[in-house]
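This is entry20.txt. It holds compact mmCIF, C-alpha atoms and all ligand atoms.
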# COMPACT_ATOMS: atom_id res chain seq x y z
CA MET A 101 -13.28 69.11 13.16
CA LYS A 102 -16.23 70.77 11.48
CA ASN A 103 -14.18 73.68 10.30
CA ASN A 104 -10.45 73.32 10.15
CA GLN A 105 -9.57 76.89 9.38
CA HIS A 106 -11.99 78.88 11.54
CA LEU A 107 -13.39 78.74 15.04
CA ASP A 108 -17.07 77.81 14.75
CA THR A 109 -17.88 79.33 18.08
CA LEU A 110 -16.07 81.90 20.16
CA HIS A 111 -16.14 81.59 23.92
CA THR A 112 -16.67 85.13 25.19
CA PRO A 113 -17.12 86.25 28.80
CA LEU A 114 -20.83 86.71 28.02
CA GLY A 115 -21.31 83.25 26.55
CA LYS A 116 -20.72 81.28 23.37
CA ARG A 117 -21.28 83.05 20.07
CA GLY A 118 -20.88 82.18 16.43
CA LEU A 119 -18.30 84.36 14.66
CA TYR A 120 -20.84 86.39 12.68
CA ASP A 121 -23.02 86.94 15.75
CA SER A 122 -20.00 87.95 17.74
CA VAL A 123 -19.02 90.54 15.13
CA CYS A 124 -22.61 91.84 14.89
CA PHE A 125 -22.72 92.39 18.66
CA CYS A 126 -20.39 95.34 18.09
CA ASN A 127 -22.79 98.28 18.29
CA ARG A 128 -20.14 100.75 17.09
CA CYS A 129 -20.25 102.77 20.30
CA GLY A 130 -16.55 103.52 20.04
CA MET A 131 -15.79 103.17 23.77
CA CYS A 132 -12.85 100.92 22.93
CA ALA A 133 -10.99 103.29 20.61
CA PRO A 134 -9.32 105.56 23.21
CA LEU A 135 -7.80 102.52 24.90
CA CYS A 136 -6.52 100.76 21.80
CA PRO A 137 -2.75 101.23 21.50
CA ALA A 138 -2.93 100.92 17.73
CA TYR A 139 -5.58 103.63 17.49
CA GLN A 140 -3.66 105.87 19.89
CA ASN A 141 -0.66 105.48 17.64
CA ALA A 142 -2.54 106.21 14.41
CA PRO A 143 -6.05 107.52 15.06
CA GLN A 144 -7.88 106.35 11.97
CA GLU A 145 -11.21 104.53 12.03
CA SER A 146 -9.80 101.50 10.22
CA ASN A 147 -7.22 101.22 12.98
CA SER A 148 -9.74 101.14 15.81
CA PRO A 149 -11.29 97.96 17.24
CA ARG A 150 -14.62 99.12 15.81
CA GLY A 151 -13.04 99.49 12.36
CA ARG A 152 -11.55 96.01 12.56
CA ASN A 153 -14.90 94.50 13.55
CA GLN A 154 -16.69 96.29 10.73
CA ALA A 155 -14.07 95.11 8.24
CA LEU A 156 -14.56 91.48 9.29
CA ARG A 157 -18.33 91.95 9.13
CA GLY A 158 -17.97 93.33 5.61
CA VAL A 159 -15.91 90.28 4.62
CA LEU A 160 -18.36 87.83 6.21
CA GLU A 161 -21.32 89.53 4.48
CA GLY A 162 -19.51 89.49 1.15
CA LYS A 163 -19.50 93.29 0.90
CA LEU A 164 -15.73 93.46 1.12
CA LYS A 165 -13.81 91.26 -1.30
CA PRO A 166 -10.54 90.26 0.38
CA ARG A 167 -8.76 90.03 -2.96
CA GLN A 168 -9.64 93.60 -3.86
CA VAL A 169 -8.70 95.19 -0.56
CA ARG A 170 -6.02 92.75 0.61
CA ALA A 171 -3.37 95.43 1.25
CA GLU A 172 -5.77 97.49 3.41
CA LEU A 173 -6.88 94.41 5.34
CA LEU A 174 -3.29 93.34 5.93
CA GLU A 175 -2.47 96.78 7.33
CA LEU A 176 -5.44 96.44 9.65
CA LEU A 177 -4.22 93.01 10.76
CA THR A 178 -0.59 93.89 11.31
CA SER A 179 -1.41 96.98 13.36
CA CYS A 180 -3.48 95.04 15.93
CA THR A 181 -1.31 93.85 18.81
CA LEU A 182 -3.94 91.29 19.96
CA CYS A 183 -3.67 92.78 23.43
CA GLY A 184 -7.38 92.49 24.24
CA ARG A 185 -7.66 95.89 25.91
CA CYS A 186 -10.67 96.67 23.73
CA GLN A 187 -12.50 93.61 25.03
CA ALA A 188 -11.79 94.57 28.62
CA VAL A 189 -13.58 97.93 28.25
CA CYS A 190 -16.24 96.96 25.72
CA PRO A 191 -19.80 96.85 27.17
CA GLY A 192 -20.49 93.74 25.05
CA GLN A 193 -17.06 92.16 25.81
CA ILE A 194 -16.51 91.82 22.05
CA PRO A 195 -13.40 89.65 21.47
CA THR A 196 -11.91 91.86 18.74
CA ALA A 197 -8.48 90.18 19.00
CA GLN A 198 -10.12 86.84 18.18
CA HIS A 199 -11.91 88.48 15.25
CA VAL A 200 -8.58 89.79 13.97
CA LEU A 201 -7.17 86.25 14.14
CA GLU A 202 -10.17 84.98 12.15
CA LEU A 203 -9.51 87.63 9.53
CA ARG A 204 -5.85 86.57 9.43
CA ARG A 205 -7.04 83.01 8.78
CA THR A 206 -9.45 84.17 6.08
CA LEU A 207 -6.66 86.00 4.29
CA GLN A 208 -4.21 83.18 5.06
CA ALA A 209 -1.85 85.97 6.00
CA ARG A 210 1.67 84.79 6.73
CA LEU A 211 2.94 87.64 8.85
CA LEU A 212 6.36 86.26 9.76
CA PRO A 213 9.34 86.00 7.39
CA THR A 214 9.05 82.64 5.61
CA LEU A 215 12.24 81.07 6.93
CA LEU A 216 11.56 82.15 10.50
CA PHE A 217 8.02 80.80 10.25
CA LYS A 218 9.30 77.43 8.99
CA LEU A 219 11.94 77.27 11.68
CA LEU A 220 9.48 78.05 14.48
CA ARG A 221 7.02 75.53 13.09
CA LEU A 222 9.69 72.81 13.55
CA ARG A 223 9.17 73.08 17.29
CA GLY A 224 5.84 71.35 16.78
CA THR A 225 6.80 68.96 13.99
CA ALA A 226 10.44 68.06 14.76
CA PRO A 227 11.37 69.28 18.25
CA ARG A 228 14.78 67.60 18.35
CA LEU A 229 15.80 69.18 15.06
CA PHE A 230 14.46 72.51 16.29
CA SER A 231 16.51 72.28 19.46
CA TYR A 232 19.62 71.30 17.49
CA LEU A 233 19.18 74.20 15.06
CA VAL A 234 18.64 76.76 17.82
CA HIS A 235 21.68 75.58 19.77
CA THR A 236 23.80 75.56 16.59
CA GLY A 237 22.54 79.05 15.75
CA LEU A 238 23.43 80.36 19.20
CA TRP A 239 26.85 78.72 19.00
CA MET A 240 27.43 80.41 15.62
CA ARG A 241 26.37 83.73 17.13
CA ARG A 242 29.03 83.39 19.82
CA LEU A 243 31.57 82.92 17.02
CA GLN A 244 30.26 86.02 15.21
CA GLY A 245 28.83 83.76 12.48
CA TRP A 246 25.60 85.75 12.24
CA SER A 247 27.39 88.81 10.88
CA VAL A 248 27.70 86.95 7.56
CA LEU A 249 24.52 84.88 7.73
CA MET A 250 22.16 87.82 8.23
CA TYR A 251 23.05 89.23 4.81
CA LEU A 252 22.04 86.05 2.98
CA PRO A 253 18.64 86.03 1.23
CA GLY A 254 15.84 85.06 3.63
CA PHE A 255 17.92 85.63 6.79
CA ALA A 256 17.34 89.38 7.32
CA TRP A 257 15.26 88.64 10.45
CA LEU A 258 18.48 87.47 12.14
CA LYS A 259 19.49 91.15 12.43
CA HIS A 260 16.50 91.85 14.62
CA LEU A 261 16.94 88.63 16.58
CA ASN A 262 20.59 89.50 17.14
CA LYS A 263 19.62 92.83 18.70
CA LEU A 264 16.81 91.25 20.68
CA LEU A 265 18.94 88.63 22.44
CA PRO A 266 21.26 89.45 25.33
CA ALA A 267 24.79 90.30 24.13
CA ARG A 268 26.00 86.97 25.48
CA THR A 269 23.35 84.29 25.57
CA PRO A 270 23.72 82.44 28.89
CA ARG A 271 24.28 78.70 28.76
CA PRO A 272 21.06 76.66 29.01
CA PHE A 273 19.93 75.78 32.51
CA LYS A 274 19.86 72.02 33.04
CA MET A 275 16.58 70.84 34.50
CA SER A 276 15.97 67.27 35.50
CA ASN A 277 12.72 65.33 35.53
CA GLN A 278 11.83 64.06 38.97
CA THR A 279 10.15 60.73 39.57
CA ARG A 280 6.52 60.55 40.67
CA PRO A 281 6.00 64.24 39.82
CA THR A 282 3.45 66.37 41.58
CA PHE A 283 3.84 69.30 39.19
CA ILE A 284 4.60 69.85 35.50
CA TYR A 285 6.69 72.79 34.35
CA LEU A 286 6.27 73.86 30.71
CA PRO A 287 9.13 76.28 29.96
CA SER A 288 8.38 78.83 27.26
CA LEU A 289 10.56 78.94 24.17
CA GLU A 290 12.25 82.14 25.35
CA ALA A 291 12.93 80.84 28.86
CA GLN A 292 14.36 77.58 27.61
CA PHE A 293 16.63 78.84 24.85
CA PHE A 294 17.31 82.57 25.22
CA LEU A 295 16.65 83.61 28.83
CA PRO A 296 17.52 80.49 30.86
CA ASP A 297 17.65 82.61 34.02
CA ILE A 298 13.83 82.73 33.86
CA ALA A 299 13.65 78.93 33.53
CA GLN A 300 16.13 78.57 36.40
CA SER A 301 14.09 80.82 38.72
CA ALA A 302 10.82 79.10 37.79
CA TYR A 303 12.28 75.62 38.20
CA GLN A 304 13.85 76.45 41.58
CA LEU A 305 10.59 78.00 42.76
CA LEU A 306 8.67 74.84 41.93
CA THR A 307 11.22 72.30 43.15
CA LYS A 308 11.34 73.86 46.62
CA LYS A 309 8.12 72.12 47.54
CA HIS A 310 7.21 69.84 44.65
CA ARG A 311 8.51 67.01 42.50
CA VAL A 312 8.56 68.43 39.02
CA ALA A 313 8.34 66.95 35.53
CA VAL A 314 9.88 69.35 33.00
CA TRP A 315 8.35 69.38 29.55
CA GLU A 316 11.16 71.05 27.63
CA ASN A 317 10.81 72.18 24.03
CA THR A 318 7.11 71.37 23.91
CA ALA A 319 4.78 73.10 21.47
CA CYS A 320 1.41 73.86 23.05
CA GLY A 321 -0.38 75.17 19.94
CA LEU A 322 -0.08 78.90 20.65
CA PHE A 323 2.27 79.57 17.74
CA GLU A 324 0.00 77.78 15.29
CA PHE A 325 -3.06 79.50 16.74
CA VAL A 326 -1.59 82.95 16.15
CA TYR A 327 0.57 82.50 13.06
CA GLY A 328 -0.19 79.11 11.53
CA ASP A 329 -3.38 77.13 11.20
CA LEU A 330 -6.02 75.86 13.55
CA SER A 331 -5.78 72.19 12.63
CA ARG A 332 -2.11 72.12 13.69
CA ALA A 333 -2.92 74.09 16.85
CA ARG A 334 -5.57 71.49 17.71
CA ARG A 335 -3.20 68.64 16.99
CA GLN A 336 -0.58 70.09 19.32
CA LEU A 337 -3.17 70.71 22.00
CA ARG A 338 -4.43 67.15 21.74
CA ALA A 339 -0.85 65.87 22.12
CA LEU A 340 -0.40 68.08 25.19
CA ILE A 341 -3.69 66.90 26.70
CA THR A 342 -2.82 63.23 26.07
CA ARG A 343 0.61 63.65 27.66
CA HIS A 344 -1.00 65.40 30.62
CA GLN A 345 -3.35 62.45 31.06
CA LYS A 346 -0.51 59.95 30.90
CA THR A 347 1.76 61.85 33.28
CA GLY A 348 -0.57 62.28 36.20
CA LYS A 349 -4.01 61.05 35.25
CA ALA A 350 -4.86 64.58 34.05
CA LYS A 351 -4.63 65.94 37.58
CA LEU A 352 -1.20 67.56 37.87
CA PRO A 353 -0.93 71.35 37.77
CA LEU A 354 0.74 72.49 34.54
CA VAL A 355 2.80 75.59 35.28
CA THR A 356 3.97 78.06 32.65
CA ASP A 357 6.29 81.07 32.87
CA SER A 358 4.51 82.80 29.96
CA ILE A 359 1.27 84.68 30.55
CA ASP A 360 0.53 84.30 26.83
CA VAL A 361 0.73 80.49 27.06
CA TYR A 362 -1.42 80.67 30.21
CA HIS A 363 -4.13 82.65 28.41
CA PHE A 364 -4.01 80.39 25.37
CA LEU A 365 -4.36 77.18 27.42
CA THR A 366 -7.14 78.58 29.58
CA GLN A 367 -9.05 79.53 26.44
CA ALA A 368 -8.26 76.27 24.64
CA PRO A 369 -11.72 74.62 25.00
CA GLN A 370 -13.09 76.89 22.27
CA LEU A 371 -10.86 75.10 19.75
CA PHE A 372 -12.84 71.89 20.29
CA GLU A 373 -16.37 73.21 19.89
CA GLY A 374 -18.58 70.42 18.52
CA TYR A 375 -16.33 67.69 19.98
CA PRO A 376 -17.55 67.33 23.57
CA THR A 377 -15.02 64.71 24.65
CA TRP A 378 -12.03 66.76 23.59
CA GLN A 379 -13.64 69.93 24.85
CA GLN A 380 -14.09 68.34 28.26
CA LYS A 381 -10.45 67.27 28.24
CA ALA A 382 -9.37 70.78 27.19
CA GLN A 383 -11.47 72.22 30.02
CA ASN A 384 -9.68 69.94 32.43
CA LEU A 385 -6.30 71.05 31.07
CA ALA A 386 -7.40 74.69 31.38
CA ALA A 387 -8.40 74.07 35.00
CA CYS A 388 -4.95 72.55 35.70
CA THR A 389 -3.04 75.42 34.03
CA ARG A 390 -1.22 77.76 36.42
CA TYR A 391 0.93 80.84 36.07
CA ILE A 392 4.29 80.87 37.83
CA ALA A 393 3.50 83.95 39.95
CA ASP A 394 1.13 81.73 41.99
CA TYR A 395 4.20 80.07 43.53
CA LEU A 396 6.21 83.11 44.59
CA PRO A 397 6.96 83.12 48.32
CA LYS A 398 5.71 86.01 50.46
CA LYS A 399 9.22 87.41 50.75
CA PRO A 400 11.09 86.52 47.54
CA ALA A 401 14.88 86.32 47.73
CA ALA A 402 15.63 88.97 45.10
CA LEU A 403 13.43 91.63 46.64
CA LYS A 404 16.33 93.73 47.96
CA THR A 405 18.07 93.81 44.60
CA ILE A 406 15.06 95.27 42.76
CA SER A 407 15.39 98.98 42.10
CA ASN A 408 12.39 101.10 42.92
CA PRO A 409 9.96 102.18 41.78
CA VAL A 410 8.57 99.14 40.00
CA LEU A 411 6.14 99.12 37.10
CA LEU A 412 4.11 96.17 35.84
CA MET A 413 3.41 96.19 32.13
CA THR A 414 0.10 94.42 31.91
CA SER A 415 -0.13 93.90 28.18
CA ALA A 416 -0.47 90.30 27.07
CA LEU A 417 -2.06 88.34 24.28
CA PHE A 418 -5.87 88.10 24.32
CA ASN A 419 -6.62 89.20 27.82
CA ASN A 420 -5.79 92.21 29.87
CA GLN A 421 -7.70 91.39 32.98
CA SER A 422 -7.13 87.70 33.66
CA SER A 423 -6.94 86.42 37.21
CA ALA A 424 -3.24 85.58 36.67
CA GLN A 425 -2.49 89.17 35.70
CA GLU A 426 -4.48 90.54 38.60
CA LYS A 427 -2.75 88.15 40.99
CA SER A 428 0.66 89.25 39.69
CA ALA A 429 -0.29 92.89 40.22
CA GLN A 430 -1.48 92.11 43.76
CA ILE A 431 1.83 90.43 44.58
CA LEU A 432 3.79 93.44 43.37
CA ARG A 433 1.45 95.82 45.19
CA SER A 434 2.01 94.02 48.48
CA LEU A 435 5.78 93.67 47.94
CA PHE A 436 6.58 97.19 46.74
CA LYS A 437 3.68 99.16 48.21
CA LYS A 438 3.82 102.81 47.10
CA ASN A 439 6.76 102.15 44.83
CA PHE A 440 4.65 99.95 42.62
CA VAL A 441 3.01 101.60 39.62
CA GLU A 442 0.72 99.55 37.47
CA CYS A 443 0.64 100.43 33.81
CA GLY A 444 -3.02 101.41 33.51
CA TYR A 445 -5.41 100.97 30.66
CA LYS A 446 -4.95 104.56 29.58
CA GLU A 447 -1.27 104.06 28.92
CA PRO A 448 0.31 102.62 25.81
CA GLN A 449 1.70 99.20 26.62
CA VAL A 450 4.28 96.65 25.67
CA VAL A 451 3.56 95.07 22.34
CA PRO A 452 2.71 91.49 23.19
CA ALA A 453 3.98 89.27 20.42
CA GLY A 454 6.83 89.43 17.99
CA TYR A 455 6.07 92.74 16.38
CA GLY A 456 9.68 93.23 15.43
CA PHE A 457 9.31 90.27 13.08
CA ILE A 458 5.94 91.21 11.63
CA LYS A 459 6.22 93.20 8.46
CA GLY A 460 4.12 96.06 9.73
CA SER A 461 4.97 99.72 9.69
CA ARG A 462 4.08 100.15 13.34
CA ALA A 463 6.60 97.96 15.19
CA ASN A 464 9.04 100.74 16.07
CA ALA A 465 6.28 103.14 17.04
CA TYR A 466 4.78 100.60 19.46
CA ASN A 467 8.11 99.94 21.10
CA LEU A 468 8.65 103.67 21.54
CA GLN A 469 5.20 103.98 23.10
CA ALA A 470 6.17 101.40 25.70
CA VAL A 471 9.46 103.18 26.46
CA ARG A 472 7.64 106.51 26.78
CA THR A 473 5.36 104.98 29.40
CA VAL A 474 8.34 103.73 31.38
CA ALA A 475 10.14 107.07 31.11
CA ARG A 476 7.06 109.06 32.11
CA GLN A 477 6.80 107.05 35.31
CA GLN A 478 10.56 107.29 35.84
CA VAL A 479 10.76 103.68 36.87
CA GLN A 480 13.94 101.65 37.14
CA THR A 481 12.50 98.15 37.08
CA VAL A 482 9.77 96.99 34.76
CA VAL A 483 8.22 93.68 35.74
CA VAL A 484 6.87 91.65 32.82
CA LEU A 485 5.01 88.37 32.63
CA SER A 486 6.57 86.63 29.64
CA GLY A 487 10.00 85.98 28.14
CA LEU A 488 8.95 87.58 24.87
CA ALA A 489 7.94 90.79 26.64
CA ALA A 490 11.30 90.69 28.50
CA LEU A 491 13.19 90.40 25.20
CA GLU A 492 11.22 93.03 23.30
CA LEU A 493 10.97 95.60 26.07
CA GLY A 494 14.58 94.87 27.09
CA LEU A 495 15.77 95.85 23.61
CA SER A 496 13.69 99.05 23.54
CA LEU A 497 14.97 100.09 26.96
CA ARG A 498 18.59 99.35 26.05
CA GLN A 499 18.17 101.58 23.01
CA PHE A 500 16.14 104.45 24.43
CA TYR A 501 16.04 104.38 28.24
CA PRO A 502 18.98 102.39 29.57
CA THR A 503 18.49 103.42 33.21
CA ALA A 504 15.55 101.02 33.44
CA ARG A 505 15.73 97.27 33.23
CA VAL A 506 13.29 94.44 32.69
CA CYS A 507 12.62 91.72 35.24
CA HIS A 508 10.41 88.69 34.65
CA ILE A 509 8.19 88.13 37.68
CA ALA A 510 9.68 84.64 38.28
CA LYS A 511 13.07 86.29 38.83
CA LEU A 512 11.83 87.94 42.01
CA ASN A 513 12.69 84.56 43.44
CA GLY A 514 16.37 85.17 42.65
S1 LIG B 1 -15.94 96.71 20.10
FE1 LIG B 1 -17.27 97.13 21.86
S2 LIG B 1 -16.60 99.13 22.66
FE2 LIG B 1 -15.79 98.89 20.56
S3 LIG B 1 -17.30 99.88 19.22
FE3 LIG B 1 -17.81 97.69 19.32
S4 LIG B 1 -19.29 97.52 21.00
FE4 LIG B 1 -18.31 99.52 21.22
S1 LIG B 2 -6.62 93.84 20.53
FE1 LIG B 2 -5.49 95.67 21.24
S2 LIG B 2 -4.56 96.55 19.38
FE2 LIG B 2 -6.14 95.09 18.71
S3 LIG B 2 -7.96 96.32 18.42
FE3 LIG B 2 -8.06 95.58 20.53
S4 LIG B 2 -7.07 97.16 21.80
FE4 LIG B 2 -6.55 97.56 19.64
Encoding of this model in C-alpha cells:
Amino acid sequence: MKNNQHLDTLHTPLGKRGLYDSVCFCNRCGMCAPLCPAYQNAPQESNSPRGRNQALRGVLEGKLKPRQVRAELLELLTSCTLCGRCQAVCPGQIPTAQHVLELRRTLQARLLPTLLFKLLRLRGTAPRLFSYLVHTGLWMRRLQGWSVLMYLPGFAWLKHLNKLLPARTPRPFKMSNQTRPTFIYLPSLEAQFFLPDIAQSAYQLLTKKHRVAVWENTACGLFEFVYGDLSRARRQLRALITRHQKTGKAKLPLVTDSIDVYHFLTQAPQLFEGYPTWQQKAQNLAACTRYIADYLPKKPAALKTISNPVLLMTSALFNNQSSAQEKSAQILRSLFKKNFVECGYKEPQVVPAGYGFIKGSRANAYNLQAVRTVARQQVQTVVVLSGLAALELGLSLRQFYPTARVCHIAKLNG
C-alpha cells in the first residue's frame, strides 16, 4: 500500500477526498456541536467536532507539534465516541470520526490497556489460541478465579469486564456449517463468546430458509482499524475477501449481527485506495454485506414478550444514518407502532465502542447520559444493534435504571 499508516483518500458521501482536503472542507460553521454527545457532556471548543477538525488541520500543517501537546490531543481523541452524528448533520458531510482515527494513528495512541489490546489482537493472529484463552478465562470466572486475577499488575481491566458480562455467562451456542451454503453468518466477538443468545437467534433466523456457513471467531479488520494499525486491518480484510471468494465465488450474502461490523465492511473499499483490484473486491464484499435485521420475519416470535414502550438507541460507529439503521427503525416502528420511540439526534446516545476500557475521563459520564435518555422516555425495553452496545448499556441499566432491559434486535426472533 502507498501509505501503511494513514488512509490516502477518504470516501465521503460527497465523493473521494484526500485527508487534508477533507479537513479543510470544515468551514467552522459549528452546526455539528449541539449534536455531538462529547460536546454536550463537556461544552468546550476542543471537544466539539469543529475543534477536533481544527486540531488535525493544525497537526497536518505543522502548526501543532504532537509531541508538545500530546496530552491535550489524547484528551480530544478519547472523548470522541466515533458515533458519526456530526457527519450526519454537517452541510459538508465532513467525516470527523475518520479524522479522529487518523489523528489516533498519527499519535500512535494505544487507547486500550496493553494486555487487553494484545489479547484482542490474537483474534486476528492466532484465533485458536484466542478462543482457548477466552474459554479458559470464562471457566475461571465461573470458579471465582477472577477475584484474584484482577488484582495482578496489568489485569485491572478484568474488573470492568467482570461487571460488563452477565452474572452467569451462558454456554456457547453450537452452530454447524451446512454444505453448499447459500449464506454466510459472521458472528461478532460478543455474540460468539459472551452473549450466545444473540448468535443463537441470528443463526436460527438464517437457517429457517437458508443453508448457512458459520465463520466463527473471524477477525474482519474492525479492531485493527479502530485500535491497531491499518496494514493489519487490510491484511485481515484481504483474508476475509479471499475466503468469501472461495466459499461462494464472492456471491454469497455475508450477514453480521453487529451494526459496527456492517458499517466497517460497507466502508472497506476506502482502505484499498490506489489498488483497483483489491478495491473492486472490497466493493463486492461491501455489496454482499447484510445486517441481521434484514431477515426478521414480519411477526417475530418474541414480540409478545417485549415490554412496551420500546426505544431504539441509534448510536453506532461511523454512521448514524445508514440504510441498515433506518431499516431497523422501520421494523420497530411497524412492530410497536406508537410504543416505539426512536432515540433522536438531539438526545445523548449509547457510547458505541468500548469506552469502559479506554482510559478517558468521560466513560462514566457517557454511560449516564445514555441511562438518562432511557429514563426520560420511561422505556422498559431498549433495542440495540450490536452485542457491545448490549453489554455496555446493559451494565449501565443494571446499575442505574434496572426496570429497563436491553434487547438485541436479532432476539426479537426469540
Ligand atoms: S464539521 Fe461540518 S458542521 Fe461541524 S463545523 Fe465543520 S463544516 Fe460545520
Ligand atoms: S463522532 Fe460523535 S463524538 Fe466524535 S465529534 Fe462527531 S458527534 Fe462528536
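Near ligand LIG 1 (chain B), at distances of 9 Å or less and with all atoms listed in the file counted, sit the residues Val123, Cys124, Phe125, Cys126, Asn127, Arg128, Cys129, Gly130, Met131, Cys132, Ala133, Ser148, Pro149, Arg150, Gly151, Arg152, Asn153, Gln154, Cys186, Gln187, Ala188, Val189, Cys190, Pro191, Gly192, Gln193, Ile194, Pro195 and Thr196 of chain A.
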(request) Please work out which residues fall within 12 Å of (-6.0, 104.3, 13.6), coordinates as given in the file, with only C-alpha atoms counting, and return them as a VMD selection string. (result) chain A and resid 133 to 152 175 to 180 462
(message) Distance cut-off 12 Å, centre (2.4, 60.9, 30.5) in file coordinates, counting all atoms listed in the file: which residues qualify? Return them as a PyMOL selection string.
(response) chain A and resi 279-281+284+313-315+339-352
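Closest approach to Ala489 (chain A) among A:Phe440, A:Arg223, A:Leu265, A:Phe273 is made by A:Leu265 (distances from only C-alpha atoms).
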(request) List the neighbours of Ala510 (chain A) out to 6 Å using all atoms listed in the file; skip same-chain residues closer than 2 positions along the sequence, and give me the result as a ChimeraX atom specification. (result) /A:301-302,508,512-513
